[in-house]
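Just below is one structure, and these are the notes that go with it.
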Amino acid sequence: MSLSTAISSAKSTLKTADATSLSTTVSTAARSTTETSTLKTSEATTSPTPPVTTVATTDRSTPMTSNTTSSPTTLSTRQKTIEQSTLNMARATSLHTTISSTQKPMEQSARTTEATSTLTATEEMSSSGVISTKLVTTLPMTTGIDGCLADPCHVQATCTDNPAPALDATCTCNPGYTGDGLVRGTGCSDLDACLDNPCHMQTTCTDNSPPYLNATCTCNPGYTGDGLIEGTGCSDIDACLDNPCHVQATCKDNPPPALNATCTCNPGYTGDGHLSGTGCSDIDSCSTDPCHVRATCTDKPPPALNATCTCNPGYTGDGLVRGTGCSDIDGCLANPCHRHATCTDNPPPALNATCTCNPGYTGDGLVRGTGCSDSDACSGNPCHRHATCTDKPPPALNATCTCNTGYTGDGLGRGTGCSDINDCDPNPCQNGGSCTDGVNRYTCACEPEYGGDNCETELESCGSLKCHQRAYCDEDLDRCVCQHGYRGNGITCSEVVTYHFACRFPVIIFTVQLLVITSASFRQVERVVLPPFQIVIQSLLVTYDHDNDGRPDNYDDGVENMRVLRFRPGSLIAVYELNLTVDTIPELKMRILNATVDDRIGNLTVQGNYTVFGAKALARCHCEDVERCVERDSTWTCECRAGYNRTHGAECEDVDECTLGVDSCSEDSVCVNTRGSYRCSFCRPIVNIRGGGRTIQRTDRLQLNSVIDYSQKCLLDSIKKISYNWTFDSPDVRTRNRLNSLPRNQADVVVSPNTMGIGRVAFYLTVEAVDDHGIALSSQTSTSITVTYSPLMAGILGGSRRQTGAGSLTLDAATLSSDPNGLLSSCDLTYDWSCNTLTDRGECPRLQGNPSCGKATFVIPESFFTRAFNFTVAVSGSGRIPGRATQIIEVVKAEKLSIPRPQIICEKLHGTCGPVIKEGEQMKLVSVCENCEDQSGDFSYTYWWALVASPAGYTEWTDMDYDNSLLNERDQDYLVMKANIFTQPGDYTIRVNITEIPTNLTGYAEYTFTTNGPPSVGLCTITPPSGTASVDDFMICCIGFQDPDKPLTYNFLYETDIDIASVNTTSTSVFHLLYTGPENCTALLKLPLGIREKNYSLPLLVNVVDRYGGSVSVKPSPPTVRPPVISAVRDFAEEVTTTKDVQKTTAVIASVSSVLNAEENTTDTETQERIQIREEMAGIVQQVEVTALEQARQVLTSLEHITAVPEELSNNAQVNTSTTLEAISDWVLDESDESGTEELEVLSAHMLTVAVNVLNASNIKAIETKDKNGNKTTSLDQVEKNKETTTRVLDTIETFASVLLSRKTRDDKPTLLRSKDFLLSLANTSCDRLAERTIQTVETSRAFFYLPGKAAERLGCFSSSDDSVGSKTFWTTQNPFSYSPNADDVRTGVQALSFEGNEGKIKRLEDLGKDARIQLITPRADRENDIVVIGKTQPSSSRNITIHNFNISEPRTSLHVILESQADHVSLQLFLKQGADVSPDDHTWNTTLPLTTISPEWSRRLNVTADSFSWFLSQEELNISEEDSQWSLAVQHEPQPNDTNGNFTIRYSITIISARCLFFDEEQHQWDDIGCEVGSLTTRDHLHCLCDHLTSFGCFVAPNPLDVRAALLKIPKDITTNFIVWVTVGTAFLIYVIALLWARGRDIRENKKLRRQQRNIFRAGSTNRLLEHHLWASVVRPPSGSTFTRAQRVSCCFSLLMSVMATNIMFFQQSTDDLIINIGGSKIPLNISLQTVMIGLMCTLIAFPPNVVIVLMFRNISTRRQKTGNLDNIIQSGVYRPFGNYYNTKKKSVSCLETTCVSSETGSTAPLGERHEKMDRMNPRTGKKEPASTLVDQNDGCLPWWFVVVAWFLVFAIVTLSALFTLLYGVQYGRRRAEAWLFAFLVSFLTDLLLVQPLKVVLIVIFWRLIYKNQKMKTSRRREALLRWEKLPRVRWEFYPFYVKSSTVKK
């Protein structure tokens, strides 16, 4: 409250209160002001004093602003009023009033003052726009004269003389007047009671004339009431109370001053709506002729605004003029005609078509009629009887007649016919034979001497007999013998042929022996078929007399190899094959016919017996499967079976009875053609598309649901598979392409906003159902959607109301204005700006320039101070619905130190934004200060958010409401509001106040938004009201939900007893989603089992949402869903005919799973059956493809039911479920930008529920596997599945957490997700609050992390409130990594922490220093392993001590001894030692309790402190390296001064805790303690840990810590128990000594040999040079002449071996998946992994540098030799310098870097420039070339000779230190780990020897080969110089005592 307000309030009180109350009011008013004011008055003295003036100034920091349209009060009027009222107050109270700067009450008594004071108040305006009030008090001189005699007072004032020594009088204005009462002063004027604003804002105030002190308040037109603020005020006169409107109209009261109401007819009605007017009548939608000319229009009843257009008979379409209209129904589309007929559509109103058979065919042409068959021209018998008739194919109408074989002619009956051909003309018989003609044959009768078919062969004579023409005379036998293939007596020979006969098989035998007959073995068939004819065949004798000798020819061997050739059970025919003579055939036929007479075969009766012979018998069984053998006129032919037809002599083809219309299916069924027949199916799918046939805006999300129904006669169990295929059609090519990219094989289609183009889009759906016979039935339906433009969005950046100063004002409409259709950019839109003033002073600001791309600049002059303007922008575009936005601008004083001018911006990515928000989503507002950054110095700002306006009926927020509705604090620069808090439709306004410190200047901005009204509440019902889970189908339908903001979305949810995870930041109740869609009914769905405690009733919830998020929920009467028998769910898979119908599939899975979850007290067999069913269901759900957020929620709902019983979740089910979770998380990560935060949080709750269930199941199975297999690796497959499951599930949680964390704002309230005992916390912390922060999952868990400041610095987060880091923390009481081999080591809960940057990248913390280590507190729930002992100290006089022995089972642990004493004041001494005996004289550690401990500040804040009676020994201090170590602890009390007898004792209790801090290494998949140690704050209740990292180490790991002292102490014991390392090092040294002696001997022999040989060194060849680069191989065969000896090479190899061994053991990490081998009874793990390889490479890099230095030294050391002078060298070096430096006799110094090839541990030291030079060298004394061997220069090294000492020293140092550290590490590791290291080292060493070294040699050769190319040019120059050298004359110098003689020697 400003000072002027306070004074005004005091004046109003003055009218009705006495002097005392007046003083209190003024005091209160002064206290209510926020500025500093001071009013001082001086006490009068008895001596005359001059007038004294005291001035007090009050500055009002809040500028004067006016939000009303009334005229402002002028400054002069306000000043006079203040002066008069203030003077009256001073006189009435007779006080010298002081208003101090501290706002103390103005209550000072004028006990010593008799004088009259004049108090004057003035109000001034400073240049800064601040109003100042000054109070001036004048104290006049005192006199003894009656001051009233001079009539100083006003006529309306009463004069009172002031007592002496005062000279004046007191003038008091009469009641109803105000002023100083002086004639020469302000006098007395009427006191305007309206100045106190006693009236309501909608009234007119009239001051009542004196002496009245009040005013009359009259409500303005349109309002009613007493008008007083403290009365009923003025309220709007509701004209609707008089019911002026029609019953079908909605009444809306018009705002004042109007006294009437607006009547609006309800949807579907028209008229003015008034009872006194036309009222409301039904709108006849048919009056606008919306229907096609061939459609009938039917008006829909209200509230519908449209009509129903029904196409007339014979037409199809939607019937709308603007739709598809009505087109003729083409009767031919149904394919009613036969395939050989022509279809002609009949004109309307006929619905059928005319079918005309094509030429050559006959019939009615209809599929369901006689169809069209070929016209058989042979039916008229046009051919001769000896001709064959063949009908010609259509369109021919005649036939072809062909004479049979043996006949000739045209074959026609009316032509020449067919006559027999005479085969005996001419006579074909020879040698007098006679010819007899037959049909297509002839027979020759030969003379006795001739034979043959034509009597062409003369018969051979055998004695007196003539042999048969097929016989010859056998002289040995002296008789005629038939040729091969013939049989007889030689005189007569008969041909042996293969003959067949077939007989009808006895039906009785076929029936009995069916299984045997169908066997593949003919032997089985012969047992049945052969016996009836065996007697007949075996007794067959030839009785015919061919030789005319009067007796039978007796061909008893005429039958051979009788067998059953083929038997067909279907044809009942057996075919026999025999080899017999041709002459035997007639008799065979006779005998068989006789045997089968009277339908009998033997003693068996034959049904329908017949027998065929010869070719007929063989052809008889050659019919195809679709053919049958038919006997006609003693012939057998293959005819098509029923259902098949032979066309034109081709194969039998299936007859399509359905197409021909010859089926007998009823009209309510569908004919389905089958092979050879047809079926009548009642299961053709009836498909409907829900959500189509409507108009939507382009920005609307479209969902189309398909619903399939079947005929009542259809057996739904017969449907085995359903498939979907969507197709789309649109005039827009881009629309078609986008739609075609959608999943088209799903039951439902979800189209994202802005996918379809403007216009009509057609959707076609084809559904195919396959039954159990494999028959596919398809059905197609279609719908269309009309897409229109969405209205343009308009907005002005900054909020709905904000402040600005004088100068330029830029309004930005481009940022928030847009085309939501995504077709126009911001600059493509048109912006029209307008302005109106909210005050009655002046005009609006002037527009500066032309607006550019949505931004307009206005000029605000300083004279506009305190004015307010309403700016409006209209955004329009071509063909678009325009949008409008407004913003109120208040003008405030603008100077350097001006008030903050904030703006409010809404972040749409977080959730929803105005102007119309979605009630069900969160909203985030951010304050941006326009001028705050311009301030300099120590300026800071405070923020305060408030809800300042809300719709009528909405409860004003209290502090508790703010806390419950907001996700952050109100004093931050942003505001995040929960969803579902603005439940009342209407306008809301949020204000932010920004106050600048220290000036206390405050500015504000406002953001106004609207919530849409919810749909009208309807009614929902369930059919049937009760049923059985997983058996019965239910349908939920709703009616009565209406809303103009369509489309509506119906969400059907249900509640079960499954405990879904909770999210603290969401206000949405988390239910299971059953079904969602645009229609008011669900499909037929299975419902889950009801809640048992509620008598199996299933609570349902239906949530209906409109376009703008307005929603309403109803709870229908819950259905009763009872459990079925278990057998009903065994065949659940039959219900899942397709996984493409996500909603139906998930409903079935949830229903079946709910039944399984309710079963209890079952047998093991039933449990296994449920486990198998869950596994199958998890596999089905894995196949579901998620394409929408709702589908993801439904899939998670089904998984919640499947995993509700973790004990029944197999490993395969876990893998399938985790795979599904991973797929959903990946989809959410990609599509999360399109979803609101509230939706994602609800989805995360379902995800976490499933994830925790799977984690629990994985733990259970992992523990079971270990228990069954004794923690061995015999079930690696199962463990791998547990590992795979856990990893995927945690990755899913990590992904969802990252998505939610991306929506978090710095320093807002943490998001907490809780499922059972798993807690996940997400927070976003600003950098300036990150240091020294305690990160806690939830307060009740008592598990938290502490982040030191130095650790926070490592996150790369600058100390700024704008930067932030996200943190993800989870806590669970169970170990989620139970599959780990050492999971049993974890006995507390598990908690995790990770940091994430704003870009979503993980921030890693590792290698933290001691003062930067992260500390964590974990509750200890498992205390079973704690050692608790109770004891009593021994008396001092006994000289005894109490000792407790205990074991520590694990190495590398800390020790905590917690003591409870009955005498806390007595100090106790504790002694500890590893071993059995401890005493005060023999101990390792000791202490005295209690200790003086100071816990850190952060732990004291959390009430986590160290116990003074707790003794902590760290892991490093104890250095426990073996398992099951024995320890002893002794306790005694210190001597007590009062214990004279020494009998004092103390009872105590000791708790001993052995602990380790473990972290889970995600690469090794095991728990480890590297970088973590136990802290001193550990107690019985919690564990304190300190870690130098948050993640496991990468490829390069830190070396293992080594405690040298502890290792040295363990050596004596270790030599006997852990001999593996000692033996390894000792063996290495022994091998080295042997190799060194051998190498030295070889070096000595080779040096002697080298001195004897005088040959070219270059002949060593390239092989030696290659071996030179392999250090190990060069030991065996070094290059000839090399100064690098074998002994040195062996030493370098040994140094390398030992250094690699030492580094390898330092960095050794044992894997969890080691392969266990058994050697000598010892189980040794083979550690071979990727990390082992990486560590090996790292060890090689570490060992590489020192060994390379040693090798370089040995290679480049020069030989120690005496210095000698060589004058010839000196002279020639000067004489022949022009020939270059190559061949100077004094060799140039060799640079090691230039001439030496060194690689790795080895290298070649041969100078590159000398490799060719060594072939031939010039002797400087003779000038002749000499062999290089005579010029071997041993002084070619680049290092001094004494470097050999340095090299040997380095070898010794490296070998010694490496051996020492290897031994110490081996002792510390223990035997088992040392053995594992040894095998890993050997593998690494052999890899280096056999792979790395040879590869290195190849690379070196390639490298130097490339370099050597550059040496060729230098070599050629050397050769040229050498030739010139050889041609020069030689100069010989001879030294004599007194002169020098020179001579020239020519060559």
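Chain lettering (A, B, ...) mirrors the order of the structure tokens, residue numbering begins at 1 for each chain separately, and ligand numbering begins at 1 in order of display.
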Strand (DSSP E) call set, DSSP backbone run, range 1392-1615 of chain A, as a ChimeraX atom specification: /A:1392-1396,1402-1403,1414-1419,1427-1432,1442-1448,1454-1461,1468-1474,1485-1489,1510-1513,1525-1533,1547-1555,1559-1561,1566-1568,1572-1574,1582-1587
Could you give me, as a CSV table (one decimal) with N, CA and C atoms, in the first residue's frame, the residues within 12 Å of Ser1394 in chain A, counting only C-alpha atoms and dropping anything in the same chain fewer than 3 positions from it?
```csv
chain,number,residue,atom,x,y,z
A,1294,GLU,N,17.0,-47.0,-18.3
A,1294,GLU,CA,17.9,-45.9,-18.6
A,1294,GLU,C,17.3,-45.1,-19.7
A,1297,ALA,N,14.3,-43.1,-18.5
A,1297,ALA,CA,14.8,-42.1,-17.6
A,1297,ALA,C,15.4,-40.9,-18.3
A,1298,SER,N,16.1,-41.2,-19.4
A,1298,SER,CA,16.7,-40.1,-20.2
A,1298,SER,C,15.6,-39.3,-20.9
A,1301,LEU,N,14.0,-37.2,-18.2
A,1301,LEU,CA,15.0,-36.2,-17.7
A,1301,LEU,C,15.1,-35.1,-18.7
A,1320,LEU,N,13.1,-45.0,-8.5
A,1320,LEU,CA,13.9,-44.3,-9.5
A,1320,LEU,C,13.6,-42.8,-9.4
A,1321,SER,N,14.7,-42.0,-9.2
A,1321,SER,CA,14.6,-40.6,-9.0
A,1321,SER,C,15.3,-39.9,-10.1
A,1322,LEU,N,14.6,-38.8,-10.6
A,1322,LEU,CA,15.2,-38.0,-11.7
A,1322,LEU,C,15.2,-36.6,-11.3
A,1323,ALA,N,16.3,-35.9,-11.4
A,1323,ALA,CA,16.4,-34.5,-11.0
A,1323,ALA,C,17.3,-33.8,-12.0
A,1324,ASN,N,17.0,-32.5,-12.1
A,1324,ASN,CA,17.8,-31.6,-12.9
A,1324,ASN,C,18.3,-30.4,-12.0
A,1335,ILE,N,22.3,-36.2,-2.9
A,1335,ILE,CA,21.3,-36.7,-3.9
A,1335,ILE,C,20.7,-38.0,-3.3
A,1345,PHE,N,23.5,-40.2,-2.1
A,1345,PHE,CA,24.9,-39.9,-2.5
A,1345,PHE,C,25.2,-38.5,-2.0
A,1347,LEU,N,27.9,-35.5,-3.2
A,1347,LEU,CA,28.7,-35.1,-4.3
A,1347,LEU,C,29.6,-33.9,-3.8
A,1355,LEU,N,32.3,-32.5,-13.6
A,1355,LEU,CA,31.2,-32.7,-14.5
A,1355,LEU,C,31.2,-31.7,-15.6
A,1365,VAL,N,22.7,-29.9,-14.7
A,1365,VAL,CA,23.1,-31.3,-15.0
A,1365,VAL,C,22.0,-32.2,-14.4
A,1366,GLY,N,21.6,-33.2,-15.2
A,1366,GLY,CA,20.6,-34.2,-14.8
A,1366,GLY,C,21.2,-35.3,-14.1
A,1367,SER,N,20.5,-35.8,-13.1
A,1367,SER,CA,20.9,-37.0,-12.3
A,1367,SER,C,19.8,-38.0,-12.3
A,1368,LYS,N,20.3,-39.3,-12.5
A,1368,LYS,CA,19.4,-40.5,-12.4
A,1368,LYS,C,19.9,-41.4,-11.3
A,1369,THR,N,19.0,-41.6,-10.3
A,1369,THR,CA,19.3,-42.4,-9.2
A,1369,THR,C,18.3,-43.5,-9.0
A,1370,PHE,N,18.7,-44.7,-8.7
A,1370,PHE,CA,17.8,-45.7,-8.4
A,1370,PHE,C,18.2,-46.5,-7.1
A,1391,GLN,N,22.1,-49.2,-5.0
A,1391,GLN,CA,21.8,-47.9,-5.5
A,1391,GLN,C,22.7,-47.5,-6.6
A,1397,GLY,N,24.1,-34.7,-19.3
A,1397,GLY,CA,24.1,-33.3,-19.7
A,1397,GLY,C,22.8,-33.0,-20.4
A,1400,GLY,N,21.8,-34.9,-23.4
A,1400,GLY,CA,21.5,-36.3,-23.2
A,1400,GLY,C,22.7,-37.2,-23.1
A,1401,LYS,N,23.9,-36.6,-23.1
A,1401,LYS,CA,25.1,-37.4,-23.1
A,1401,LYS,C,25.5,-37.7,-21.6
A,1402,ILE,N,25.9,-38.9,-21.4
A,1402,ILE,CA,26.3,-39.3,-20.0
A,1402,ILE,C,27.6,-38.6,-19.6
A,1403,LYS,N,27.6,-38.1,-18.4
A,1403,LYS,CA,28.8,-37.4,-17.9
A,1403,LYS,C,29.5,-38.4,-16.9
A,1404,ARG,N,30.7,-38.8,-17.3
A,1404,ARG,CA,31.4,-39.8,-16.5
A,1404,ARG,C,32.3,-39.1,-15.4
A,1405,LEU,N,32.3,-39.8,-14.3
A,1405,LEU,CA,33.2,-39.4,-13.2
A,1405,LEU,C,34.1,-40.5,-12.9
A,1406,GLU,N,35.4,-40.3,-13.0
A,1406,GLU,CA,36.4,-41.4,-12.7
A,1406,GLU,C,37.7,-40.8,-12.3
A,1414,ILE,N,33.2,-39.6,-4.3
A,1414,ILE,CA,31.7,-39.6,-4.1
A,1414,ILE,C,31.4,-40.5,-2.9
A,1589,HIS,N,34.9,-43.1,-8.6
A,1589,HIS,CA,34.3,-43.1,-9.9
A,1589,HIS,C,32.8,-43.5,-9.8
A,1590,LEU,N,32.1,-43.2,-10.9
A,1590,LEU,CA,30.7,-43.6,-11.0
A,1590,LEU,C,30.5,-44.7,-12.0
A,1591,THR,N,31.5,-45.0,-12.8
A,1591,THR,CA,31.4,-46.0,-13.8
A,1591,THR,C,32.6,-47.0,-13.7
A,1592,SER,N,32.5,-48.1,-14.3
A,1592,SER,CA,33.6,-49.0,-14.4
A,1592,SER,C,34.7,-48.5,-15.3
```
Interatomic distance (Å, one decimal) between CA of Tyr1548 in chain A and CA of His1444 in chain A: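 Separation of CA of Tyr1548 in chain A and CA of His1444 in chain A: 12.4 Å.
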Contact residues around Val1279 in chain A with only C-alpha atoms at 10 Å, ignoring same-chain residues under 6 positions, as a ChimeraX atom specification: /A:1211,1258,1261-1263,1265-1266,1273,1285,1378-1381
Kindly export the residues of the current selection with all heavy atoms, as an mmCIF file, in the first residue's frame.
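See again07.cif below for the written result:
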```
data_model
loop_
_atom_site.group_PDB
_atom_site.id
_atom_site.type_symbol
_atom_site.label_atom_id
_atom_site.label_comp_id
_atom_site.auth_asym_id
_atom_site.auth_seq_id
_atom_site.Cartn_x
_atom_site.Cartn_y
_atom_site.Cartn_z
ATOM 1 N N ASN A 1211 13.099 -68.337 -18.294
ATOM 2 C CA ASN A 1211 14.171 -67.528 -18.868
ATOM 3 C C ASN A 1211 13.840 -67.075 -20.281
ATOM 4 O O ASN A 1211 14.148 -65.947 -20.669
ATOM 5 C CB ASN A 1211 15.491 -68.313 -18.861
ATOM 6 C CG ASN A 1211 16.084 -68.430 -17.475
ATOM 7 O OD1 ASN A 1211 15.876 -67.553 -16.641
ATOM 8 N ND2 ASN A 1211 16.811 -69.507 -17.225
ATOM 9 N N SER A 1258 14.263 -62.586 -13.102
ATOM 10 C CA SER A 1258 15.639 -62.911 -13.473
ATOM 11 C C SER A 1258 16.457 -63.274 -12.244
ATOM 12 O O SER A 1258 17.257 -64.217 -12.258
ATOM 13 C CB SER A 1258 16.277 -61.738 -14.213
ATOM 14 O OG SER A 1258 17.616 -62.001 -14.552
ATOM 15 N N LYS A 1261 15.381 -66.826 -11.037
ATOM 16 C CA LYS A 1261 15.913 -67.895 -11.877
ATOM 17 C C LYS A 1261 17.419 -68.015 -11.740
ATOM 18 O O LYS A 1261 17.970 -69.126 -11.764
ATOM 19 C CB LYS A 1261 15.531 -67.647 -13.342
ATOM 20 C CG LYS A 1261 14.039 -67.720 -13.609
ATOM 21 C CD LYS A 1261 13.463 -69.075 -13.238
ATOM 22 C CE LYS A 1261 11.966 -69.134 -13.497
ATOM 23 N NZ LYS A 1261 11.379 -70.422 -13.089
ATOM 24 N N ALA A 1262 18.121 -66.895 -11.602
ATOM 25 C CA ALA A 1262 19.571 -66.960 -11.443
ATOM 26 C C ALA A 1262 19.950 -67.653 -10.144
ATOM 27 O O ALA A 1262 20.879 -68.476 -10.100
ATOM 28 C CB ALA A 1262 20.157 -65.552 -11.494
ATOM 29 N N ILE A 1263 19.235 -67.353 -9.094
ATOM 30 C CA ILE A 1263 19.510 -67.992 -7.805
ATOM 31 C C ILE A 1263 19.180 -69.478 -7.877
ATOM 32 O O ILE A 1263 19.926 -70.323 -7.352
ATOM 33 C CB ILE A 1263 18.712 -67.287 -6.693
ATOM 34 C CG1 ILE A 1263 19.215 -65.832 -6.515
ATOM 35 C CG2 ILE A 1263 18.829 -68.048 -5.388
ATOM 36 C CD1 ILE A 1263 18.385 -65.023 -5.553
ATOM 37 N N THR A 1265 19.304 -71.370 -10.521
ATOM 38 C CA THR A 1265 20.347 -72.006 -11.326
ATOM 39 C C THR A 1265 21.600 -72.259 -10.504
ATOM 40 O O THR A 1265 22.213 -73.320 -10.580
ATOM 41 C CB THR A 1265 20.672 -71.131 -12.540
ATOM 42 O OG1 THR A 1265 19.484 -70.930 -13.311
ATOM 43 C CG2 THR A 1265 21.722 -71.790 -13.421
ATOM 44 N N LYS A 1266 21.985 -71.277 -9.689
ATOM 45 C CA LYS A 1266 23.172 -71.444 -8.856
ATOM 46 C C LYS A 1266 22.961 -72.521 -7.801
ATOM 47 O O LYS A 1266 23.856 -73.317 -7.513
ATOM 48 C CB LYS A 1266 23.527 -70.112 -8.195
ATOM 49 C CG LYS A 1266 24.028 -69.057 -9.168
ATOM 50 C CD LYS A 1266 24.380 -67.783 -8.436
ATOM 51 C CE LYS A 1266 24.893 -66.726 -9.392
ATOM 52 N NZ LYS A 1266 25.241 -65.466 -8.693
ATOM 53 N N THR A 1273 29.639 -73.311 -13.623
ATOM 54 C CA THR A 1273 29.277 -72.789 -14.938
ATOM 55 C C THR A 1273 28.701 -73.874 -15.825
ATOM 56 O O THR A 1273 28.941 -73.901 -17.018
ATOM 57 C CB THR A 1273 30.525 -72.178 -15.607
ATOM 58 O OG1 THR A 1273 31.551 -73.190 -15.651
ATOM 59 C CG2 THR A 1273 31.020 -70.991 -14.833
ATOM 60 N N THR A 1285 18.699 -60.602 -20.080
ATOM 61 C CA THR A 1285 17.446 -60.003 -19.620
ATOM 62 C C THR A 1285 17.713 -58.786 -18.748
ATOM 63 O O THR A 1285 17.140 -57.712 -18.964
ATOM 64 C CB THR A 1285 16.638 -61.047 -18.838
ATOM 65 O OG1 THR A 1285 16.282 -62.115 -19.713
ATOM 66 C CG2 THR A 1285 15.372 -60.423 -18.275
ATOM 67 N N SER A 1378 21.859 -60.728 -9.913
ATOM 68 C CA SER A 1378 22.048 -62.011 -9.244
ATOM 69 C C SER A 1378 22.746 -63.026 -10.129
ATOM 70 O O SER A 1378 23.249 -64.039 -9.638
ATOM 71 C CB SER A 1378 20.690 -62.568 -8.794
ATOM 72 O OG SER A 1378 20.113 -61.735 -7.818
ATOM 73 N N TYR A 1379 22.777 -62.809 -11.428
ATOM 74 C CA TYR A 1379 23.463 -63.737 -12.315
ATOM 75 C C TYR A 1379 24.972 -63.636 -12.184
ATOM 76 O O TYR A 1379 25.707 -64.523 -12.625
ATOM 77 C CB TYR A 1379 23.066 -63.462 -13.769
ATOM 78 C CG TYR A 1379 23.517 -62.124 -14.289
ATOM 79 C CD1 TYR A 1379 24.786 -61.939 -14.807
ATOM 80 C CD2 TYR A 1379 22.671 -61.023 -14.256
ATOM 81 C CE1 TYR A 1379 25.205 -60.707 -15.280
ATOM 82 C CE2 TYR A 1379 23.068 -59.795 -14.723
ATOM 83 C CZ TYR A 1379 24.341 -59.646 -15.234
ATOM 84 O OH TYR A 1379 24.746 -58.425 -15.695
ATOM 85 N N SER A 1380 25.471 -62.551 -11.595
ATOM 86 C CA SER A 1380 26.910 -62.367 -11.462
ATOM 87 C C SER A 1380 27.497 -63.472 -10.591
ATOM 88 O O SER A 1380 26.879 -63.898 -9.611
ATOM 89 C CB SER A 1380 27.210 -61.000 -10.853
ATOM 90 O OG SER A 1380 28.598 -60.838 -10.629
ATOM 91 N N PRO A 1381 28.703 -63.948 -10.903
ATOM 92 C CA PRO A 1381 29.292 -65.031 -10.103
ATOM 93 C C PRO A 1381 29.472 -64.670 -8.641
ATOM 94 O O PRO A 1381 29.382 -65.535 -7.781
ATOM 95 C CB PRO A 1381 30.643 -65.284 -10.794
ATOM 96 C CG PRO A 1381 30.472 -64.765 -12.169
ATOM 97 C CD PRO A 1381 29.530 -63.611 -12.075
#
```
Selected residue, from A:Pro359, A:Ser677, A:Ile1180, A:Phe728, that lies nearest to Val749 in chain A when counting only C-alpha atoms: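 Closest candidate: A:Phe728.
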Between CA of Gly279 in chain A and CA of Pro244 in chain A - distance in Å to one decimal: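 CA of Pro244 in chain A sits 10.0 Å away from CA of Gly279 in chain A.
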Nearest residue to Lys720 in chain A from the set A:Ile1644, A:Val1136, A:Thr788, A:Ala341 (distances using only C-alpha atoms): A:Val1136
Test item, alpha helix (DSSP H) assignment across range 873-1000 of chain A, answer as a ChimeraX atom specification: /A:959-965
Could you take the residues named above and write them with N, CA and C atoms, as a tab-separated table (two decimals), in the first residue's frame?
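The file below, result_38.tsv, is the result:
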```
chain	number	residue	atom	x	y	z
A	959	ASP	N	-1.49	-21.64	-0.14
A	959	ASP	CA	-0.10	-22.08	-0.22
A	959	ASP	C	-0.02	-23.58	-0.44
A	960	MET	N	-0.92	-24.32	0.18
A	960	MET	CA	-0.93	-25.77	-0.02
A	960	MET	C	-1.33	-26.11	-1.44
A	961	ASP	N	-2.26	-25.35	-2.02
A	961	ASP	CA	-2.65	-25.61	-3.41
A	961	ASP	C	-1.49	-25.36	-4.35
A	962	TYR	N	-0.74	-24.29	-4.09
A	962	TYR	CA	0.44	-24.03	-4.92
A	962	TYR	C	1.42	-25.20	-4.83
A	963	ASP	N	1.65	-25.69	-3.64
A	963	ASP	CA	2.61	-26.77	-3.45
A	963	ASP	C	2.14	-28.05	-4.14
A	964	ASN	N	0.85	-28.31	-4.14
A	964	ASN	CA	0.33	-29.53	-4.75
A	964	ASN	C	0.17	-29.40	-6.26
A	965	SER	N	0.07	-28.19	-6.76
A	965	SER	CA	-0.22	-27.99	-8.18
A	965	SER	C	1.03	-27.71	-9.00
```
